[in-house]
$ cat entry-v3.cif   # mmCIF, C-alpha atoms and all ligand atoms
data_data
#
loop_
_atom_site.label_atom_id
_atom_site.label_comp_id
_atom_site.auth_asym_id
_atom_site.auth_seq_id
_atom_site.Cartn_x
_atom_site.Cartn_y
_atom_site.Cartn_z
CA MET W 1 133.01 86.19 55.36
CA LEU W 2 129.77 87.92 54.45
CA GLU W 3 127.77 89.22 57.39
CA ARG W 4 124.69 91.36 57.76
CA LEU W 5 125.52 95.04 58.06
CA GLN W 6 123.50 95.35 61.29
CA LYS W 7 125.67 92.68 62.85
CA ILE W 8 128.91 94.26 61.64
CA LEU W 9 127.91 97.64 63.05
CA SER W 10 126.97 96.19 66.40
CA ARG W 11 130.13 94.08 66.57
CA ALA W 12 132.13 97.24 65.88
CA GLY W 13 130.50 98.78 68.93
CA VAL W 14 128.87 101.51 66.84
CA ALA W 15 125.29 100.71 67.77
CA SER W 16 123.02 97.97 68.99
CA ARG W 17 121.53 95.82 66.23
CA ARG W 18 118.20 97.64 66.52
CA GLU W 19 119.90 101.05 66.36
CA ALA W 20 122.01 99.83 63.46
CA GLU W 21 118.85 99.16 61.46
CA THR W 22 117.75 102.75 61.93
CA ILE W 23 121.20 104.00 60.98
CA ILE W 24 121.18 101.90 57.80
CA THR W 25 117.69 102.90 56.68
CA ALA W 26 118.62 106.53 57.28
CA GLY W 27 121.26 106.16 54.56
CA ARG W 28 124.22 106.77 56.82
CA VAL W 29 126.09 103.59 55.94
CA ALA W 30 128.06 102.96 52.78
CA VAL W 31 129.84 99.88 51.48
CA ASN W 32 132.73 100.56 49.11
CA GLY W 33 131.44 104.08 48.58
CA LYS W 34 127.84 103.09 47.84
CA VAL W 35 125.12 104.00 50.31
CA VAL W 36 123.18 100.95 51.45
CA THR W 37 119.71 101.42 52.92
CA GLU W 38 118.30 97.96 52.52
CA LEU W 39 118.12 95.97 55.74
CA GLY W 40 119.65 92.53 55.48
CA SER W 41 122.36 93.70 53.07
CA LYS W 42 125.61 91.89 53.64
CA ALA W 43 129.24 92.87 53.48
CA ASP W 44 132.60 91.29 54.23
CA PRO W 45 134.26 93.26 57.04
CA ASP W 46 137.68 91.90 56.05
CA LYS W 47 137.42 92.99 52.43
CA ASP W 48 134.78 95.69 52.06
CA ARG W 49 135.20 99.31 53.06
CA ILE W 50 132.32 100.07 55.36
CA THR W 51 131.68 103.64 56.46
CA LEU W 52 129.24 105.32 58.82
CA ASP W 53 128.70 109.01 58.13
CA GLY W 54 131.75 108.77 55.89
CA LYS W 55 134.04 107.39 58.60
CA PRO W 56 135.46 103.88 58.43
CA VAL W 57 133.89 101.29 60.70
CA ARG W 58 136.59 99.19 62.26
CA LEU W 59 135.85 95.83 63.73
CA LYS W 60 137.62 94.96 66.88
CA ALA W 61 137.93 91.20 66.97
CA GLU W 62 136.82 89.71 70.25
CA ARG W 63 139.89 88.73 72.21
CA ILE W 64 139.97 85.01 72.70
CA TYR W 65 142.16 83.07 75.12
CA LEU W 66 141.93 79.30 75.15
CA LEU W 67 143.52 76.48 77.05
CA LEU W 68 143.56 73.31 74.97
CA TYR W 69 144.50 69.80 76.01
CA LYS W 70 146.43 69.05 72.83
CA PRO W 71 146.32 65.36 71.99
CA ALA W 72 149.37 63.63 70.52
CA GLY W 73 149.16 63.41 66.74
CA TYR W 74 148.38 67.07 66.05
CA VAL W 75 150.69 69.82 64.82
CA THR W 76 150.71 73.25 66.44
CA THR W 77 151.17 75.14 63.19
CA LEU W 78 148.11 76.51 61.41
CA LYS W 79 148.70 74.47 58.29
CA ASP W 80 150.77 71.37 57.80
CA PRO W 81 152.44 70.78 54.44
CA GLU W 82 152.23 67.05 55.14
CA GLY W 83 148.49 67.27 55.72
CA ARG W 84 148.58 66.10 59.33
CA PRO W 85 145.81 67.19 61.73
CA VAL W 86 146.27 70.71 63.13
CA VAL W 87 145.25 71.82 66.61
CA THR W 88 142.82 74.50 65.42
CA GLU W 89 140.62 71.75 63.96
CA LEU W 90 139.75 70.90 67.55
CA LEU W 91 138.27 74.32 68.31
CA LYS W 92 134.65 73.76 67.37
CA GLY W 93 132.46 76.78 67.98
CA ILE W 94 135.27 79.35 68.02
CA GLY W 95 134.45 81.75 65.20
CA GLU W 96 137.60 83.87 65.41
CA ARG W 97 140.95 82.84 64.03
CA VAL W 98 143.32 81.97 66.85
CA TYR W 99 146.84 80.66 66.84
CA PRO W 100 148.96 78.67 69.28
CA VAL W 101 151.23 80.38 71.79
CA GLY W 102 154.53 78.57 71.43
CA ARG W 103 154.47 74.99 70.33
CA LEU W 104 154.26 71.39 71.34
CA ASP W 105 155.70 68.64 69.15
CA TYR W 106 153.43 66.53 66.99
CA ASN W 107 153.80 63.63 69.43
CA THR W 108 153.63 65.69 72.61
CA GLU W 109 150.32 66.17 74.37
CA GLY W 110 149.16 68.55 77.03
CA LEU W 111 148.54 72.15 77.87
CA LEU W 112 148.59 74.63 75.00
CA PHE W 113 147.29 78.20 74.86
CA LEU W 114 145.70 79.68 71.76
CA THR W 115 144.73 83.28 71.24
CA ASN W 116 144.15 86.05 68.71
CA ASP W 117 145.85 88.59 70.99
CA GLY W 118 149.33 89.11 69.56
CA ASP W 119 150.59 91.24 72.45
CA TRP W 120 149.59 88.66 75.01
CA ALA W 121 151.13 85.84 72.97
CA ASN W 122 154.40 87.76 72.58
CA ARG W 123 154.54 88.45 76.27
CA LEU W 124 154.20 84.78 77.13
CA ALA W 125 156.66 83.71 74.46
CA HIS W 126 159.32 86.24 75.50
CA PRO W 127 162.48 84.60 76.93
CA ARG W 128 162.29 86.86 79.99
CA HIS W 129 158.87 85.43 80.76
CA GLU W 130 160.29 82.65 82.87
CA VAL W 131 157.28 80.64 83.85
CA GLU W 132 157.59 77.05 85.01
CA LYS W 133 156.40 74.39 82.64
CA GLU W 134 155.98 70.92 84.03
CA TYR W 135 156.23 67.86 81.84
CA LEU W 136 155.33 64.27 82.60
CA VAL W 137 157.79 62.07 80.81
CA LYS W 138 157.51 58.34 80.31
CA VAL W 139 160.83 56.75 79.43
CA ARG W 140 161.81 53.21 78.56
CA GLY W 141 163.54 51.18 81.27
CA ARG W 142 164.96 52.39 84.54
CA VAL W 143 166.37 55.79 85.43
CA ASN W 144 169.52 55.98 87.51
CA PRO W 145 170.34 58.69 90.08
CA GLU W 146 173.15 60.03 87.89
CA GLN W 147 170.69 60.70 85.05
CA VAL W 148 168.34 62.51 87.44
CA ARG W 149 171.25 64.57 88.78
CA ARG W 150 172.45 65.55 85.31
CA LEU W 151 168.97 66.52 84.16
CA SER W 152 168.44 68.66 87.21
CA GLU W 153 171.82 70.36 87.13
CA GLY W 154 171.71 71.08 83.40
CA VAL W 155 172.87 69.20 80.34
CA GLU W 156 174.83 70.29 77.31
CA LEU W 157 172.68 70.56 74.18
CA ASP W 158 173.84 71.75 70.77
CA ASP W 159 172.40 75.21 71.58
CA GLY W 160 174.07 75.41 74.99
CA MET W 161 173.63 74.24 78.57
CA THR W 162 170.12 73.92 79.93
CA ALA W 163 169.27 75.81 83.10
CA PRO W 164 168.75 73.79 86.28
CA ALA W 165 165.48 71.88 86.25
CA LYS W 166 163.31 70.23 88.89
CA VAL W 167 163.33 66.52 88.27
CA GLN W 168 161.35 63.91 90.16
CA LEU W 169 161.23 60.20 89.56
CA VAL W 170 157.61 59.23 90.21
CA HIS W 171 157.57 55.60 89.06
CA GLU W 172 160.22 53.13 88.12
CA SER W 173 160.15 49.61 86.71
CA GLU W 174 162.13 47.39 84.37
CA ARG W 175 159.79 48.22 81.47
CA ASN W 176 159.42 51.96 81.88
CA SER W 177 159.67 54.84 84.32
CA ARG W 178 157.94 58.16 84.80
CA LEU W 179 159.52 61.48 85.65
CA THR W 180 158.31 65.00 86.07
CA ILE W 181 160.67 67.57 84.61
CA THR W 182 159.97 71.21 85.34
CA ILE W 183 161.78 73.79 83.25
CA HIS W 184 161.33 77.50 82.67
CA GLU W 185 163.08 77.71 79.33
CA GLY W 186 161.25 76.83 76.15
CA ARG W 187 163.76 75.70 73.60
CA TYR W 188 162.91 73.60 70.60
CA ARG W 189 162.15 70.00 71.67
CA GLN W 190 163.92 70.78 74.91
CA VAL W 191 162.67 67.97 77.11
CA ARG W 192 163.20 65.33 74.46
CA ARG W 193 166.71 66.60 73.78
CA MET W 194 167.53 66.74 77.50
CA CYS W 195 166.45 63.12 77.90
CA GLU W 196 168.39 62.08 74.82
CA ALA W 197 171.49 63.80 76.23
CA VAL W 198 171.40 61.49 79.27
CA SER W 199 170.51 58.41 77.19
CA LEU W 200 166.85 58.17 78.18
CA ALA W 201 164.43 57.06 75.45
CA VAL W 202 161.19 59.05 75.68
CA ALA W 203 158.06 56.96 75.17
CA SER W 204 155.59 59.77 75.76
CA LEU W 205 155.60 63.39 76.80
CA LYS W 206 152.88 65.57 78.26
CA ARG W 207 152.90 69.20 79.39
CA SER W 208 150.87 69.10 82.57
CA ARG W 209 151.34 72.59 83.95
CA TYR W 210 152.16 76.09 82.75
CA GLY W 211 152.79 78.49 85.62
CA PHE W 212 149.80 78.23 87.92
CA LEU W 213 147.58 76.52 85.32
CA GLU W 214 146.99 72.79 85.05
CA LEU W 215 144.83 70.76 82.68
CA GLY W 216 142.20 70.12 85.36
CA ASP W 217 139.23 68.11 84.11
CA LEU W 218 139.99 68.56 80.43
CA ARG W 219 140.47 65.43 78.37
CA PRO W 220 142.64 65.21 75.23
CA GLY W 221 141.08 67.33 72.49
CA GLU W 222 139.00 69.43 74.89
CA PHE W 223 139.49 73.12 75.54
CA ARG W 224 138.12 75.91 77.69
CA ARG W 225 138.28 79.67 77.69
CA LEU W 226 140.64 81.25 80.20
CA THR W 227 138.98 83.59 82.68
CA PRO W 228 139.95 87.29 82.50
CA GLN W 229 141.77 86.80 85.82
CA GLU W 230 143.81 83.92 84.42
CA VAL W 231 144.65 85.93 81.30
CA ALA W 232 145.88 88.85 83.39
CA ARG W 233 147.77 86.69 85.84
CA LEU W 234 149.56 84.81 83.07
CA ALA W 235 150.59 88.06 81.41
CA ALA W 236 151.91 89.40 84.71
CA SER W 237 153.65 86.22 85.82
CA GLY W 238 157.39 85.89 85.58
CA SER W 239 160.20 84.07 87.28
CA SER W 240 158.73 84.60 90.74
CA GLU W 241 155.54 82.80 89.75
CA LYS W 242 155.11 79.15 90.71
N1 LIG W 301 159.87 69.71 75.07
C1 LIG W 301 159.81 68.85 74.03
O1 LIG W 301 160.74 68.10 73.80
N2 LIG W 301 158.74 68.86 73.26
C2 LIG W 301 157.67 69.66 73.49
O2 LIG W 301 156.69 69.60 72.74
C3 LIG W 301 157.74 70.52 74.57
C4 LIG W 301 158.86 70.53 75.35
#

$ encode --input "entry-v3.cif" --output "structure tokens" --more "lines below"
Ligand code: URA
Amino acid sequence: MLERLQKILSRAGVASRREAETIITAGRVAVNGKVVTELGSKADPDKDRITLDGKPVRLKAERIYLLLYKPAGYVTTLKDPEGRPVVTELLKGIGERVYPVGRLDYNTEGLLFLTNDGDWANRLAHPRHEVEKEYLVKVRGRVNPEQVRRLSEGVELDDGMTAPAKVQLVHESERNSRLTITIHEGRYRQVRRMCEAVSLAVASLKRSRYGFLELGDLRPGEFRRLTPQEVARLAASGSSEK
């Protein structure tokens, strides 16, 4: 994307915008080998080679950490071959490219992190990063104690036994029931497959908590930036974290 050179230089931390103007008019900046002295000239920091006094100017992208309340009916990939809505369409006003940390199914709603910080994302996605994730699950019909016991002790899936989970029945009726299932693994469609394994039909699924973070006042489709403290605490949290 084309941007004014002054802005690129200040974003790169080389100078303030005002100082950048002086630097440009002094003939110290070149774009693709050509000195540019005209203020207001534009360049594309992703494509053009911008130098100051002959040295490359590197843009450090602002690190962005978001907590999104993903609505059902969105995919967590950046592009969907089937043309379905993607979560990044919801991020109005975020100029940087960010991508989801982990995934939630198309039909699952709830807490999803997005970032442009690859190290942070890898840390959270690492299998050793055993943070609790709580899901609210609505299932059809009643739930019997044996199903709750099996879910909490671990069930056999085609990729192996699940680790013990915290399972609470919070509402039960003939029509449908609600459970909270708290797991620290993050296998593909894990909660849905666990329910299927004990013959429970999932009507809806929502991730309501990730470690110490909940959705709070966010409504489906809304997002907020994480605070620097939250970012650091999430990166540091592991199996001892709530
Ligand atoms: N478990 C699932 O089955 N789906 C999700 O999206 C997340 C956890």

$ residues_around --input "entry-v3.cif" --residues "W:Leu59" --least-positions-apart "5" --cutoff "12 Å" --atoms "all atoms listed in the file" --output "VMD selection string"
chain W and resid 5 7 to 14 44 to 51

$ write_last_selection --input "entry-v3.cif" --atoms "C-alpha atoms" --output "compact mmCIF listing (two decimals), keeping the file's coordinate frame"
# COMPACT_ATOMS: atom_id res chain seq x y z
CA LEU W 5 125.52 95.04 58.06
CA LYS W 7 125.67 92.68 62.85
CA ILE W 8 128.91 94.26 61.64
CA LEU W 9 127.91 97.64 63.05
CA SER W 10 126.97 96.19 66.40
CA ARG W 11 130.13 94.08 66.57
CA ALA W 12 132.13 97.24 65.88
CA GLY W 13 130.50 98.78 68.93
CA VAL W 14 128.87 101.51 66.84
CA ASP W 44 132.60 91.29 54.23
CA PRO W 45 134.26 93.26 57.04
CA ASP W 46 137.68 91.90 56.05
CA LYS W 47 137.42 92.99 52.43
CA ASP W 48 134.78 95.69 52.06
CA ARG W 49 135.20 99.31 53.06
CA ILE W 50 132.32 100.07 55.36
CA THR W 51 131.68 103.64 56.46

$ residues_near_ligand --input "entry-v3.cif" --ligand "ligand LIG 301 (chain W)" --cutoff "9 Å" --atoms "all atoms listed in the file" --output "ChimeraX atom specification"
/W:103-110,133,135,186-195,205-207

$ atom_distance --input "entry-v3.cif" --atom1 "atom CA of W:Gln168" --atom2 "atom CA of W:Gly216"
20.7 Å

$ closest_residue --input "entry-v3.cif" --among "W:Thr115, W:Pro164, W:Arg128, W:Leu200" --to "W:Val143" --atoms "only C-alpha atoms"
W:Leu200

$ closest_residue --input "entry-v3.cif" --among "W:Lys166, W:Arg123, W:His171, W:Arg63" --to "W:Arg233" --atoms "only C-alpha atoms"
W:Arg123

$ atom_distance --input "entry-v3.cif" --atom1 "atom CA of W:Gln147" --atom2 "atom CA of W:Gly160"
18.1 Å

$ residues_around --input "entry-v3.cif" --residues "W:Leu136" --least-positions-apart "4" --cutoff "9 Å" --atoms "all atoms listed in the file" --output "JSON, numbers by chain"
{"W": [178, 179, 180, 181, 182, 204, 205, 206, 207, 208]}

$ closest_residue --input "entry-v3.cif" --among "W:Val148, W:Thr162, W:Pro228, W:Arg175" --to "W:Val198" --atoms "all atoms listed in the file"
W:Val148

$ axis_aligned_box --input "entry-v3.cif" --around "stretch 117-129 of chain W" --padding-each-side "6 Å" --output "lines of an AutoDock Vina configuration file"
center_x = 154.2
center_y = 87.5
center_z = 75.2
size_x = 28.6
size_y = 19.5
size_z = 23.2

$ closest_residue --input "entry-v3.cif" --among "W:Val98, W:Glu130, W:Ala232, W:Pro71" --to "W:Ile183" --atoms "all atoms listed in the file"
W:Glu130

$ closest_residue --input "entry-v3.cif" --among "W:Ala61, W:Ala201, W:Leu39, W:Leu90" --to "W:Tyr74" --atoms "all atoms listed in the file"
W:Leu90

$ closest_residue --input "entry-v3.cif" --among "W:Val101, W:Leu52, W:Ala20, W:Ala26" --to "W:Trp120" --atoms "all atoms listed in the file"
W:Val101

$ residues_around --input "entry-v3.cif" --residues "W:Asp53" --least-positions-apart "3" --cutoff "9 Å" --atoms "all atoms listed in the file" --output "list of chain:residue names"
W:Gly27, W:Arg28, W:Val29, W:Ala30, W:Pro56

$ atom_distance --input "entry-v3.cif" --atom1 "atom CA of W:Ala165" --atom2 "atom CA of W:Asn122"
23.7 Å

$ residues_around --input "entry-v3.cif" --residues "W:Glu172" --least-positions-apart "6" --cutoff "12 Å" --atoms "all atoms listed in the file" --output "list in words"
Val137, Lys138, Val139, Arg140, Gly141, Arg142, Val143, Asn144, Pro145, Arg178 and Leu179 of chain W

$ residues_around --input "entry-v3.cif" --residues "W:Leu213" --least-positions-apart "5" --cutoff "12 Å" --atoms "only C-alpha atoms" --output "list in words"
Leu66, Leu67, Leu68, Tyr69, Gly110, Leu111, Leu112, Phe113, Val131, Glu132, Lys133, Glu134, Arg207, Ser208, Leu226, Thr227, Gln229, Glu230, Val231, Arg233, Leu234, Ser237, Glu241 and Lys242 of chain W
